[in-house]
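Note: the block below is entry_2.cif and it holds mmCIF, C-alpha atoms.
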```
data_model
#
loop_
_atom_site.label_atom_id
_atom_site.label_comp_id
_atom_site.auth_asym_id
_atom_site.auth_seq_id
_atom_site.Cartn_x
_atom_site.Cartn_y
_atom_site.Cartn_z
CA MET A 485 -18.09 -12.45 17.19
CA GLY A 486 -17.90 -9.32 15.08
CA ILE A 487 -14.61 -7.72 14.04
CA VAL A 488 -13.85 -4.00 14.19
CA LEU A 489 -10.69 -3.09 12.30
CA PHE A 490 -9.10 0.11 13.57
CA GLU A 491 -6.11 2.27 12.73
CA ASP A 492 -4.15 4.13 15.38
CA THR A 493 -1.87 7.16 15.08
CA SER A 494 0.93 4.95 13.72
CA TRP A 495 -0.60 5.62 10.27
CA LYS A 496 1.89 8.50 10.17
CA ASN A 497 4.71 5.94 9.87
CA PHE A 498 3.25 4.75 6.55
CA VAL A 499 2.84 8.00 4.64
CA PRO A 500 2.46 8.64 1.77
CA LEU A 501 0.65 5.29 1.33
CA SER A 502 -1.63 5.95 4.30
CA TYR A 503 -2.58 9.49 3.30
CA THR A 504 -5.25 8.25 0.89
CA ARG A 505 -6.33 4.99 2.53
CA SER A 506 -6.82 3.60 6.00
CA LEU A 507 -4.36 1.02 7.24
CA PHE A 508 -6.85 -1.82 6.75
CA ASP A 509 -6.84 -0.97 3.02
CA ILE A 510 -3.08 -1.28 2.55
CA LYS A 511 -2.04 -4.36 0.59
CA ILE A 512 0.13 -6.82 2.49
CA GLY A 513 1.20 -9.10 -0.31
CA SER A 514 -1.94 -9.64 -2.39
CA LEU A 515 -4.42 -8.98 0.44
CA THR A 516 -5.40 -6.14 2.72
CA THR A 517 -6.14 -6.95 6.36
CA PHE A 518 -9.85 -6.76 5.56
CA GLU A 519 -9.41 -9.20 2.68
CA HIS A 520 -7.30 -11.49 4.88
CA PHE A 521 -10.24 -12.00 7.25
CA ASN A 522 -12.46 -12.80 4.24
CA MET A 523 -15.47 -10.97 5.64
CA LYS A 524 -18.48 -9.96 3.53
CA SER A 525 -18.95 -6.96 5.78
CA ALA A 526 -17.04 -5.40 8.64
CA LYS A 527 -16.89 -2.43 10.97
CA PHE A 528 -14.10 0.09 10.50
CA LEU A 529 -12.66 2.86 12.65
CA ALA A 530 -10.79 5.35 10.49
CA ARG A 531 -9.64 8.97 10.37
CA GLN A 532 -12.52 11.35 9.80
CA TYR A 533 -11.29 12.79 6.48
CA LEU A 534 -11.13 9.27 5.02
CA GLU A 535 -14.61 8.27 6.18
CA LYS A 536 -16.51 9.04 2.95
CA VAL A 537 -13.99 7.58 0.54
CA THR A 538 -13.65 4.47 2.73
CA THR A 539 -17.44 4.06 2.71
CA GLN A 540 -17.35 4.30 -1.08
CA ARG A 541 -14.68 1.58 -1.23
CA HIS A 542 -16.64 -0.66 1.16
CA PRO A 543 -20.37 -0.10 0.52
CA ASN A 544 -21.34 -3.16 2.58
CA CYS A 545 -19.33 -2.12 5.65
CA ASN A 546 -19.89 0.36 8.47
CA VAL A 547 -17.30 3.12 8.74
CA ASN A 548 -17.20 4.94 12.11
CA LYS A 549 -20.99 4.97 12.44
CA PHE A 550 -22.24 1.87 14.22
CA GLU A 551 -23.65 0.92 17.59
CA TYR A 552 -21.63 -0.69 20.37
CA ASN A 553 -21.81 -4.48 20.54
CA ASN A 554 -20.23 -6.26 23.51
CA ASP A 555 -19.43 -9.24 21.28
CA ASP A 556 -17.18 -7.22 18.93
CA ILE A 557 -13.42 -7.65 18.96
CA ILE A 558 -11.28 -4.67 17.97
CA ILE A 559 -8.21 -5.63 15.90
CA ASN A 560 -5.33 -3.39 14.88
CA SER A 561 -5.35 -3.02 11.08
CA LEU A 562 -1.71 -4.07 10.78
CA PHE A 563 -1.94 -7.06 13.12
CA ILE A 564 -2.78 -10.49 11.69
CA PRO A 565 -3.54 -12.75 14.67
CA HIS A 566 -2.96 -16.47 14.49
CA LYS A 567 -6.29 -18.31 14.30
CA SER A 568 -5.58 -20.19 17.52
CA PHE A 569 -4.70 -16.94 19.32
CA LEU A 570 -7.91 -15.25 18.16
CA LYS A 571 -9.99 -18.29 19.13
CA LYS A 572 -8.42 -18.40 22.61
CA TRP A 573 -9.17 -14.77 23.42
CA ASN A 574 -12.61 -14.77 21.80
CA ALA A 575 -13.76 -16.94 24.70
CA LYS A 576 -13.18 -14.04 27.13
CA LYS A 577 -15.80 -11.36 27.79
CA GLU A 578 -13.33 -8.50 28.19
CA PHE A 579 -9.63 -8.16 27.39
CA LEU A 580 -7.03 -5.87 25.84
CA ILE A 581 -3.70 -7.07 24.46
CA SER A 582 -0.77 -4.82 23.63
CA PHE A 583 2.80 -5.23 22.43
CA ARG A 584 5.38 -2.61 23.34
CA GLY A 585 2.66 -0.07 23.99
CA LYS A 586 0.70 -0.76 20.78
CA ILE A 587 -2.82 -2.13 21.16
CA LEU A 588 -3.19 -5.33 19.12
CA MET A 589 -6.74 -6.41 19.87
CA GLY A 590 -9.37 -6.52 22.57
CA ARG A 591 -12.99 -6.58 23.65
CA LEU A 592 -14.03 -3.47 25.57
CA LYS A 593 -16.77 -2.24 27.86
CA LYS A 594 -19.08 0.35 26.36
CA SER A 595 -17.50 3.34 28.15
CA SER A 596 -14.00 2.29 27.06
CA PHE A 597 -15.15 1.65 23.50
CA GLU A 598 -16.72 5.10 23.26
CA TYR A 599 -13.43 6.72 24.29
CA PHE A 600 -11.55 4.42 21.90
CA HIS A 601 -13.91 5.27 19.02
CA GLU A 602 -13.58 9.02 19.62
CA SER A 603 -9.77 8.81 19.75
CA ILE A 604 -9.45 6.92 16.46
CA VAL A 605 -11.88 9.07 14.48
CA HIS A 606 -10.23 12.30 15.64
CA ASP A 607 -6.69 10.92 15.32
CA LYS A 608 -5.75 11.20 18.99
CA GLU A 609 -3.32 9.07 20.99
CA ILE A 610 -5.06 6.41 23.07
CA ARG A 611 -4.26 6.78 26.77
CA PRO A 612 -4.31 3.41 28.57
CA ASN A 613 -5.46 5.05 31.84
CA LYS A 614 -8.67 6.08 30.05
CA LEU A 615 -9.55 2.44 29.40
CA SER A 616 -11.17 0.51 32.23
CA THR A 617 -10.00 -2.81 30.78
CA GLU A 618 -6.76 -4.23 32.17
CA ILE A 619 -4.07 -4.43 29.48
CA VAL A 620 -2.18 -7.69 28.97
CA ASP A 621 1.29 -7.21 27.50
CA ALA A 622 2.28 -9.81 24.91
CA ASN A 623 5.84 -10.87 25.64
CA ASN A 624 6.24 -13.09 22.59
CA LEU A 625 4.72 -11.59 19.44
CA ASP A 626 5.46 -14.72 17.40
CA LYS A 627 2.90 -16.63 19.47
CA CYS A 628 0.23 -13.97 18.85
CA GLY A 629 0.48 -13.18 15.14
CA ILE A 630 2.23 -10.85 12.71
CA LEU A 631 2.51 -7.10 13.28
CA TYR A 632 3.64 -4.72 10.54
CA SER A 633 5.29 -1.74 12.22
CA TRP A 634 7.17 0.00 9.40
CA PRO A 635 6.63 0.50 5.65
CA TRP A 636 9.69 -1.56 4.73
CA ASP A 637 8.10 -4.56 6.48
CA PHE A 638 5.74 -4.86 3.49
CA ILE A 639 8.72 -5.26 1.15
CA SER A 640 11.11 -7.35 3.25
CA HIS A 641 8.36 -9.95 3.90
CA LEU A 642 6.76 -9.73 0.45
CA ARG A 643 8.21 -12.85 -1.11
CA ASP A 644 7.28 -15.10 1.84
CA VAL A 645 3.81 -13.55 2.16
CA LEU A 646 3.04 -14.02 -1.53
CA TYR A 647 4.38 -17.57 -1.46
CA HIS A 648 1.86 -18.54 1.23
CA GLN A 649 -1.01 -16.56 -0.27
CA LEU A 650 -0.55 -18.15 -3.70
CA ARG A 651 -1.44 -21.68 -2.71
CA ILE A 652 -3.87 -21.88 -5.60
CA ASN A 653 -5.39 -24.42 -7.95
CA HIS A 654 -3.23 -25.27 -10.95
CA LYS A 655 -4.82 -24.13 -14.21
CA VAL A 656 -2.64 -23.19 -17.16
CA PRO A 657 -3.44 -23.02 -20.90
CA ASN A 658 -1.79 -25.44 -23.28
CA GLY A 659 1.38 -24.17 -24.90
CA VAL A 660 2.52 -21.99 -21.98
CA LYS A 661 6.01 -22.90 -20.79
CA VAL A 662 6.12 -23.56 -17.05
CA ILE A 663 9.30 -24.21 -15.07
CA GLY A 664 9.04 -25.57 -11.53
CA LYS A 665 6.43 -27.38 -9.46
CA ASN A 666 4.48 -24.61 -7.72
CA PRO A 667 0.98 -23.88 -9.08
CA VAL A 668 0.04 -21.54 -11.92
CA TYR A 669 -3.51 -20.20 -12.27
CA VAL A 670 -4.49 -18.38 -15.46
CA ASP A 671 -8.11 -17.24 -15.77
CA LYS A 672 -9.80 -18.60 -18.88
CA THR A 673 -10.55 -15.06 -20.11
CA SER A 674 -6.90 -13.98 -20.05
CA LYS A 675 -4.48 -14.15 -22.96
CA ILE A 676 -0.91 -15.43 -22.72
CA ASP A 677 1.33 -14.81 -25.74
CA GLU A 678 3.49 -17.53 -27.20
CA GLY A 679 7.02 -17.40 -25.81
CA THR A 680 5.99 -16.35 -22.30
CA VAL A 681 7.81 -18.24 -19.55
CA PHE A 682 6.31 -18.87 -16.10
CA ASP A 683 9.02 -19.88 -13.62
CA VAL A 684 7.38 -21.15 -10.43
CA SER A 685 10.47 -22.69 -8.89
CA ASP A 686 10.19 -20.28 -5.92
CA GLY A 687 6.43 -19.69 -5.77
CA GLY A 688 3.11 -19.73 -7.60
CA ILE A 689 1.77 -17.36 -10.25
CA TYR A 690 -1.79 -16.01 -10.48
CA ILE A 691 -3.13 -14.24 -13.59
CA GLY A 692 -6.54 -12.60 -13.09
CA PRO A 693 -9.47 -12.28 -15.54
CA GLN A 694 -9.23 -10.34 -18.81
CA SER A 695 -5.49 -9.75 -18.46
CA VAL A 696 -3.03 -9.86 -21.37
CA ILE A 697 0.51 -11.14 -20.93
CA HIS A 698 2.65 -10.42 -23.96
CA GLN A 699 5.84 -12.42 -24.42
CA SER A 700 7.55 -11.99 -21.05
CA SER A 701 9.36 -13.81 -18.25
CA ILE A 702 7.55 -14.08 -14.93
CA TYR A 703 9.21 -15.53 -11.84
CA GLY A 704 6.92 -16.51 -8.96
CA PRO A 705 5.58 -15.77 -6.52
CA VAL A 706 3.65 -13.23 -8.61
CA TYR A 707 0.06 -12.01 -8.51
CA ILE A 708 -1.37 -10.08 -11.48
CA GLY A 709 -4.89 -8.66 -11.17
CA LEU A 710 -7.71 -8.36 -13.67
CA TYR A 711 -7.63 -6.20 -16.82
CA THR A 712 -3.86 -5.74 -16.51
CA GLN A 713 -1.51 -5.70 -19.49
CA ILE A 714 2.09 -6.86 -19.34
CA LYS A 715 4.03 -5.36 -22.25
CA PRO A 716 6.38 -7.43 -24.47
CA TYR A 717 9.71 -8.57 -23.06
CA SER A 718 8.94 -7.58 -19.48
CA ILE A 719 10.57 -9.27 -16.49
CA ILE A 720 8.49 -9.60 -13.34
CA LYS A 721 9.73 -11.28 -10.18
CA SER A 722 8.26 -11.81 -6.68
CA SER A 723 5.69 -9.02 -7.02
CA TYR A 724 2.06 -8.04 -6.66
CA ILE A 725 0.51 -6.08 -9.54
CA GLY A 726 -3.05 -4.87 -9.13
CA SER A 727 -5.94 -4.48 -11.55
CA ASN A 728 -6.10 -2.26 -14.64
CA CYS A 729 -2.33 -1.70 -14.73
CA ARG A 730 -0.03 -1.27 -17.74
CA ILE A 731 3.37 -2.76 -16.97
CA GLY A 732 6.61 -2.91 -18.93
CA GLY A 733 10.33 -3.19 -18.22
CA GLU A 734 11.57 -4.90 -15.06
CA ILE A 735 9.69 -5.25 -11.77
CA ASP A 736 11.34 -6.98 -8.82
CA SER A 737 9.97 -7.62 -5.32
CA SER A 738 7.44 -4.78 -5.49
CA ILE A 739 3.80 -3.98 -4.83
CA ILE A 740 2.00 -1.99 -7.53
CA LEU A 741 -1.59 -0.98 -6.86
CA ASP A 742 -4.56 -0.59 -9.24
CA TYR A 743 -4.66 1.72 -12.28
CA THR A 744 -0.91 2.37 -12.29
CA ASN A 745 1.06 2.79 -15.52
CA LYS A 746 4.64 1.70 -16.03
CA SER A 747 4.52 0.89 -19.72
CA HIS A 748 8.14 1.46 -20.71
CA LEU A 749 11.68 0.37 -19.98
CA GLY A 750 13.07 1.07 -16.53
CA TYR A 751 13.51 -0.73 -13.23
CA ILE A 752 11.20 -0.77 -10.21
CA GLY A 753 12.78 -2.82 -7.43
CA HIS A 754 11.72 -3.41 -3.81
CA CYS A 755 9.17 -0.59 -4.10
CA TYR A 756 5.61 0.09 -3.01
CA VAL A 757 3.70 2.00 -5.69
CA GLY A 758 0.24 3.43 -5.00
CA GLU A 759 -2.85 3.73 -7.24
CA TRP A 760 -3.10 5.95 -10.31
CA VAL A 761 0.68 6.43 -10.48
CA ASN A 762 2.35 7.09 -13.82
CA ILE A 763 5.98 5.99 -14.17
CA GLY A 764 7.68 7.73 -17.10
CA ALA A 765 9.92 5.94 -19.59
CA ASN A 766 13.33 4.88 -18.26
CA THR A 767 12.45 5.75 -14.66
CA THR A 768 14.71 3.71 -12.41
CA THR A 769 14.61 3.16 -8.66
CA SER A 770 17.78 2.26 -6.81
CA ASP A 771 17.33 -0.49 -4.23
CA LEU A 772 20.95 -1.19 -3.24
CA LYS A 773 23.75 1.06 -2.01
CA MET A 774 27.17 0.87 -3.65
CA THR A 775 28.54 0.20 -0.15
CA TYR A 776 26.09 -2.70 0.39
CA GLY A 777 25.16 -1.05 3.68
CA THR A 778 21.70 -0.98 5.25
CA ILE A 779 19.26 1.64 3.96
CA SER A 780 17.71 4.35 6.12
CA MET A 781 14.31 6.02 5.74
CA LYS A 782 12.98 9.20 7.26
CA ILE A 783 9.96 8.54 9.46
CA GLY A 784 8.57 11.78 10.87
CA ASN A 785 11.60 13.76 11.95
CA GLU A 786 13.83 10.73 12.52
CA LYS A 787 16.08 8.65 10.32
CA LYS A 788 15.36 4.97 10.85
CA ASP A 789 17.70 2.14 9.92
CA THR A 790 15.59 -0.40 8.03
CA ASN A 791 18.14 -3.18 8.70
CA THR A 792 17.84 -4.25 5.09
CA ILE A 793 20.25 -3.72 2.20
CA LYS A 794 17.52 -4.00 -0.47
CA LEU A 795 14.89 -1.28 -0.44
CA GLY A 796 13.53 0.99 -3.16
CA SER A 797 10.97 3.79 -2.92
CA PHE A 798 7.40 4.38 -1.73
CA PHE A 799 5.08 6.21 -4.13
CA GLY A 800 1.88 7.87 -2.93
CA ASP A 801 -1.27 7.67 -5.05
CA MET A 802 -1.40 9.84 -8.19
CA ALA A 803 2.37 10.51 -8.23
CA LYS A 804 4.01 11.01 -11.63
CA THR A 805 7.63 10.66 -12.80
CA SER A 806 9.03 12.27 -15.95
CA ILE A 807 11.17 10.38 -18.45
CA GLY A 808 14.61 9.39 -17.24
CA THR A 809 13.88 9.93 -13.54
CA ASN A 810 16.35 8.27 -11.16
CA ILE A 811 15.29 7.71 -7.55
CA TYR A 812 17.71 6.87 -4.74
CA CYS A 813 17.10 4.13 -2.11
CA GLY A 814 14.49 4.59 0.60
CA MET A 815 12.77 7.67 -0.85
CA LYS A 816 9.12 8.66 -0.37
CA ILE A 817 7.27 10.35 -3.23
CA GLY A 818 4.21 12.23 -2.00
CA VAL A 819 0.60 12.02 -3.16
CA SER A 820 -0.07 13.73 -6.48
CA SER A 821 3.52 14.99 -6.78
CA HIS A 822 5.31 15.28 -10.12
CA ILE A 823 9.04 14.59 -10.08
CA HIS A 824 11.85 15.30 -12.55
CA GLY A 825 15.50 14.22 -12.76
CA ASP A 826 17.53 12.77 -9.89
CA ILE A 827 15.60 12.30 -6.62
CA PHE A 828 17.81 12.09 -3.54
CA ASN A 829 15.38 13.55 -0.96
CA ASP A 830 11.82 12.70 0.07
CA VAL A 831 9.21 14.64 -1.91
CA PRO A 832 6.18 16.02 -0.03
CA SER A 833 2.65 15.64 -1.37
CA TYR A 834 1.28 18.08 -3.99
CA VAL A 835 4.73 19.21 -5.12
CA ILE A 836 6.25 19.68 -8.56
CA TYR A 837 9.82 18.62 -7.82
CA GLY A 838 12.33 20.21 -10.18
CA GLN A 839 15.39 20.27 -7.95
CA GLY A 840 16.69 17.17 -9.72
CA VAL A 841 16.98 19.12 -12.99
CA GLY A 842 18.15 22.44 -11.55
CA SER A 843 14.71 24.05 -11.19
CA GLU A 844 12.98 25.33 -8.07
CA ASN A 845 10.35 23.11 -6.47
CA ALA A 846 6.80 24.44 -6.44
CA GLU A 847 3.54 23.64 -4.69
CA MET A 848 0.96 22.14 -7.02
CA ASP A 849 -2.31 24.01 -6.99
CA ILE A 850 -5.09 21.72 -5.71
CA SER A 851 -7.42 22.59 -8.60
CA SER A 852 -4.66 21.58 -11.04
CA ALA A 853 -4.04 18.32 -9.16
CA ILE A 854 -7.73 17.45 -9.39
CA LYS A 855 -7.87 18.42 -13.08
CA PHE A 856 -4.84 16.24 -13.91
CA GLN A 857 -6.28 13.29 -11.97
CA LYS A 858 -9.65 13.55 -13.69
CA ARG A 859 -7.84 13.42 -17.04
CA MET A 860 -5.99 10.26 -16.03
CA MET A 861 -9.16 8.60 -14.73
CA SER A 862 -11.05 9.41 -17.92
CA ARG A 863 -8.49 7.40 -19.90
CA ARG A 864 -9.73 4.33 -17.98
CA ASN A 865 -13.40 5.36 -18.21
CA VAL A 866 -13.52 6.22 -14.51
CA ASN A 867 -15.30 9.30 -13.17
CA MET A 868 -13.87 10.92 -10.06
CA SER A 869 -16.40 10.66 -7.24
CA ILE A 870 -17.37 13.58 -5.02
CA SER A 871 -15.90 11.76 -2.01
CA TYR A 872 -12.58 11.20 -3.81
CA GLU A 873 -12.31 14.87 -4.79
CA SER A 874 -13.21 15.88 -1.24
CA MET A 875 -10.48 13.57 0.09
CA MET A 876 -7.93 15.18 -2.27
CA ARG A 877 -8.88 18.67 -1.07
CA GLU A 878 -8.77 17.73 2.62
CA LEU A 879 -5.44 15.97 2.16
CA PHE A 880 -4.02 19.11 0.53
CA ASP A 881 -4.72 20.92 3.80
CA VAL A 882 -3.48 18.03 5.95
CA THR A 883 -0.11 18.07 4.13
CA ARG A 884 0.31 21.87 4.02
CA ASN A 885 2.81 21.92 6.92
CA GLU A 886 4.80 19.13 5.29
CA ARG A 887 5.40 21.31 2.23
CA LYS A 888 6.23 24.28 4.45
CA GLU A 889 8.87 22.27 6.33
CA TYR A 890 10.53 21.40 3.01
CA GLY A 891 10.52 25.05 1.96
CA VAL A 892 8.11 24.52 -0.94
CA ARG A 893 6.24 27.67 -1.98
CA SER A 894 3.17 28.26 -4.09
CA LYS A 895 4.57 29.54 -7.41
CA ARG A 896 4.52 28.84 -11.11
CA PHE A 897 6.81 25.91 -11.95
CA THR A 898 9.27 26.38 -14.79
CA LEU A 899 11.92 24.05 -16.15
CA ARG A 900 15.31 25.72 -16.53
#
```

What would the structure in this file look like if it were written as structure tokens?
Amino acid sequence: MGIVLFEDTSWKNFVPLSYTRSLFDIKIGSLTTFEHFNMKSAKFLARQYLEKVTTQRHPNCNVNKFEYNNDDIIINSLFIPHKSFLKKWNAKKEFLISFRGKILMGRLKKSSFEYFHESIVHDKEIRPNKLSTEIVDANNLDKCGILYSWPWDFISHLRDVLYHQLRINHKVPNGVKVIGKNPVYVDKTSKIDEGTVFDVSDGGIYIGPQSVIHQSSIYGPVYIGLYTQIKPYSIIKSSYIGSNCRIGGEIDSSIILDYTNKSHLGYIGHCYVGEWVNIGANTTTSDLKMTYGTISMKIGNEKKDTNTIKLGSFFGDMAKTSIGTNIYCGMKIGVSSHIHGDIFNDVPSYVIYGQGVGSENAEMDISSAIKFQKRMMSRRNVNMSISYESMMRELFDVTRNERKEYGVRSKRFTLR
């Protein structure tokens, strides 16, 4: 059995996170779907403009270009099937399972797979009548697996997901204070300052290689990747922090991806923060209304009730906040956007947002966005690849209408 991970048009529900990565590359807790299956190589079906950068991220995998194999099973990138459910259906030669109109997984005939492949790559809706395979509707999703349908699902389930993912071997240096009975794993190459407290009463803690934890308080479940620095007197709770990050202040129930800086005081709570984001000093995200009511998010042209009272913001890759930025609940900050002041509306991608300080918003020139990003990458000794730059340019065009809808014009930005 081979596995083909695919993304459907629901990627639009997960912007800005999904603008720069396919759905199988979105972290769910400490693992992407691809990492969850623990495969050395895989086959991916992704949007065409992400094909090259996805190939760069997965050099041992096939992205869009592979031959049909009647033994392959297609699996939705945001569906984690139970092992028993996958084993049961793997015994069948041909099948297609859906839930409320969304295809979860299946094994297709060649003609159906060719149509399926073409639809995914060119970002078209899949029409069931074009598939020769009979569709079986799953009445009880709990018996099948876990499906992530909305961006807030990543946050509302984060603590439980991390708890189960961090069932790790216990390995902690002498002299580190540990409270609780869940495991702590600290790589032998990492440094933990005296006075640091690991509280694993509610879940384990993992510290990756070559990381430095200055005197701080960390409350599990928490995953911290390699080459990451935690600044003195930080508080981190129930969160995933990727590799090569610089983290300070307070982080609660959040996912922070690789190469992101939040070195100073400020609060990031119940947020999803992309790669290469820079959070300015004293930036604070709100994650609770004063009314204690549920928080809404704008998905497409609709306001959706998240049915949760604790939800922060979603930051696209390469976003930047200035000092003292305050961001209201449920906001989306677009890819490569720079924001100032109080943020009480979603911010499209490639925008310099000055409305929060009384200035007019402006479109960021794509050449400037690339120049700024190359500068940031050089500080970590990373060279921007041709495929990454190409992705940035294509995404600028993909998001052009989004800026137009928000009334953002191409002009020189000035602070008033």

Separation of CA of Ile725 (chain A) from CA of Thr673 (chain A), in Å and rounded to one decimal
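About the pair CA of Ile725 (chain A) and CA of Thr673 (chain A): they are 17.7 Å apart.
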
- Could you write out as a list in words the residues that the PyMOL selection byres ((chain A and resi 657) around 12) matches in the shown file?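 When the PyMOL selection byres ((chain A and resi 657) around 12) is applied to the shown file, the picked residues are His654, Lys655, Val656, Asn658, Gly659, Val660, Lys661, Val662, Val668, Tyr669, Val670, Asp671, Lys672, Thr673, Ser674, Lys675, Ile676, Asp677, Glu678, Thr680, Phe682 and Ile691 of chain A.
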
- Item | Residue neighbourhood Asp849 (chain A), 10 Å, only C-alpha atoms, exclusion window fewer than 3 positions, as a ChimeraX atom specification | /A:834-836,846,852-855,880,894-896

Which of these, A:Phe498, A:Phe600, A:Phe798, A:Phe638, has the shortest distance to Asn548 (chain A) once you count only C-alpha atoms?
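Once distances to Asn548 (chain A) are computed over only C-alpha atoms, the minimum belongs to A:Phe600.
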
Residue members of the PyMOL selection byres ((chain A and resi 552) around 10) in the file shown, as a PyMOL selection string: chain A and resi 549-551+553-556+592-595+597-598+601

Selected residues written out with C-alpha atoms, as a PDB file, in the frame of the given file:
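The resulting file, part_27.pdb, is reproduced below:
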```pdb
ATOM      1  CA  LYS A 549     -20.990   4.970  12.440  1.00  0.00           C
ATOM      2  CA  PHE A 550     -22.240   1.870  14.220  1.00  0.00           C
ATOM      3  CA  GLU A 551     -23.650   0.920  17.590  1.00  0.00           C
ATOM      4  CA  ASN A 553     -21.810  -4.480  20.540  1.00  0.00           C
ATOM      5  CA  ASN A 554     -20.230  -6.260  23.510  1.00  0.00           C
ATOM      6  CA  ASP A 555     -19.430  -9.240  21.280  1.00  0.00           C
ATOM      7  CA  ASP A 556     -17.180  -7.220  18.930  1.00  0.00           C
ATOM      8  CA  LEU A 592     -14.030  -3.470  25.570  1.00  0.00           C
ATOM      9  CA  LYS A 593     -16.770  -2.240  27.860  1.00  0.00           C
ATOM     10  CA  LYS A 594     -19.080   0.350  26.360  1.00  0.00           C
ATOM     11  CA  SER A 595     -17.500   3.340  28.150  1.00  0.00           C
ATOM     12  CA  PHE A 597     -15.150   1.650  23.500  1.00  0.00           C
ATOM     13  CA  GLU A 598     -16.720   5.100  23.260  1.00  0.00           C
ATOM     14  CA  HIS A 601     -13.910   5.270  19.020  1.00  0.00           C
TER      15      HIS A 601
END
```

One residue among A:Lys816, A:Lys773, A:Arg864, A:Arg591 is nearest to Thr617 (chain A) when using only C-alpha atoms, and that residue is A:Arg591

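Counting all atoms listed in the file and comparing A:Thr517, A:Ser820, A:Asn560, A:Thr898, the residue that lies closest to Lys586 (chain A) is A:Asn560.
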
Would you mind listing what lies within 6 Å of Leu507 (chain A) as JSON, numbers by chain, with all atoms listed in the file counted and same-chain residues fewer than 2 positions away left out?
-> {"A": [491, 509, 510, 561]}

Next, dump the selected residues to file, keeping only C-alpha atoms, as an mmCIF file, in the frame of the given file.
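Writing the result to selection-v3.cif gives the following:
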```
data_model
loop_
_atom_site.group_PDB
_atom_site.id
_atom_site.type_symbol
_atom_site.label_atom_id
_atom_site.label_comp_id
_atom_site.auth_asym_id
_atom_site.auth_seq_id
_atom_site.Cartn_x
_atom_site.Cartn_y
_atom_site.Cartn_z
ATOM 1 C CA GLU A 491 -6.110 2.270 12.730
ATOM 2 C CA ASP A 509 -6.840 -0.970 3.020
ATOM 3 C CA ILE A 510 -3.080 -1.280 2.550
ATOM 4 C CA SER A 561 -5.350 -3.020 11.080
#
```

inquiry  = I'd like the neighbourhood of region 524-528 of chain A as a VMD selection string, where a residue qualifies if any of its atoms comes within 7 Å (using all atoms listed in the file), though same-chain residues fewer than 5 positions away should be ignored.
reply    = chain A and resid 487 to 490 544 to 548

* To do: Extract, using only C-alpha atoms, all DNA, RNA and protein residues at most 6 Å from region 764-770 of chain A, discarding same-chain residues fewer than 5 positions from it, and format them as a list in words.
  =>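 The residues that qualify are His748, Leu749, Gly750, Tyr751, Ile752, Gly796, Thr805, Ser806, Ile807, Gly808, Thr809, Asn810, Ile811, Tyr812 and Cys813 of chain A.
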
| request: With the file shown as input, list the residues that the PyMOL selection byres ((chain A and resi 832) around 6) selects, as a list in words. | output: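 Applying the PyMOL selection byres ((chain A and resi 832) around 6) to the structure shown produces Gly818, Val831, Ser833 and Arg887 of chain A.
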
One decimal place gives the CA of Ser843 (chain A)-CA of Arg900 (chain A) separation as 5.6 Å

CA of Asn885 (chain A) sits from CA of Ile512 (chain A) at a separation of 29.2 Å

Which residues are close to Tyr647 (chain A), i.e. within 10 Å by all atoms listed in the file, leaving aside same-chain residues fewer than 6 positions away? Reply as a ChimeraX atom specification. /A:513,666,686-689,704-707,722

Of A:Tyr872, A:Trp636, A:Phe521, A:Tyr703, the one nearest to Tyr533 (chain A) when counting only C-alpha atoms is A:Tyr872

Between A:Ser869, A:Ser514, A:Asn613, A:Gln532, smallest distance to Ser596 (chain A) by only C-alpha atoms belongs to A:Asn613
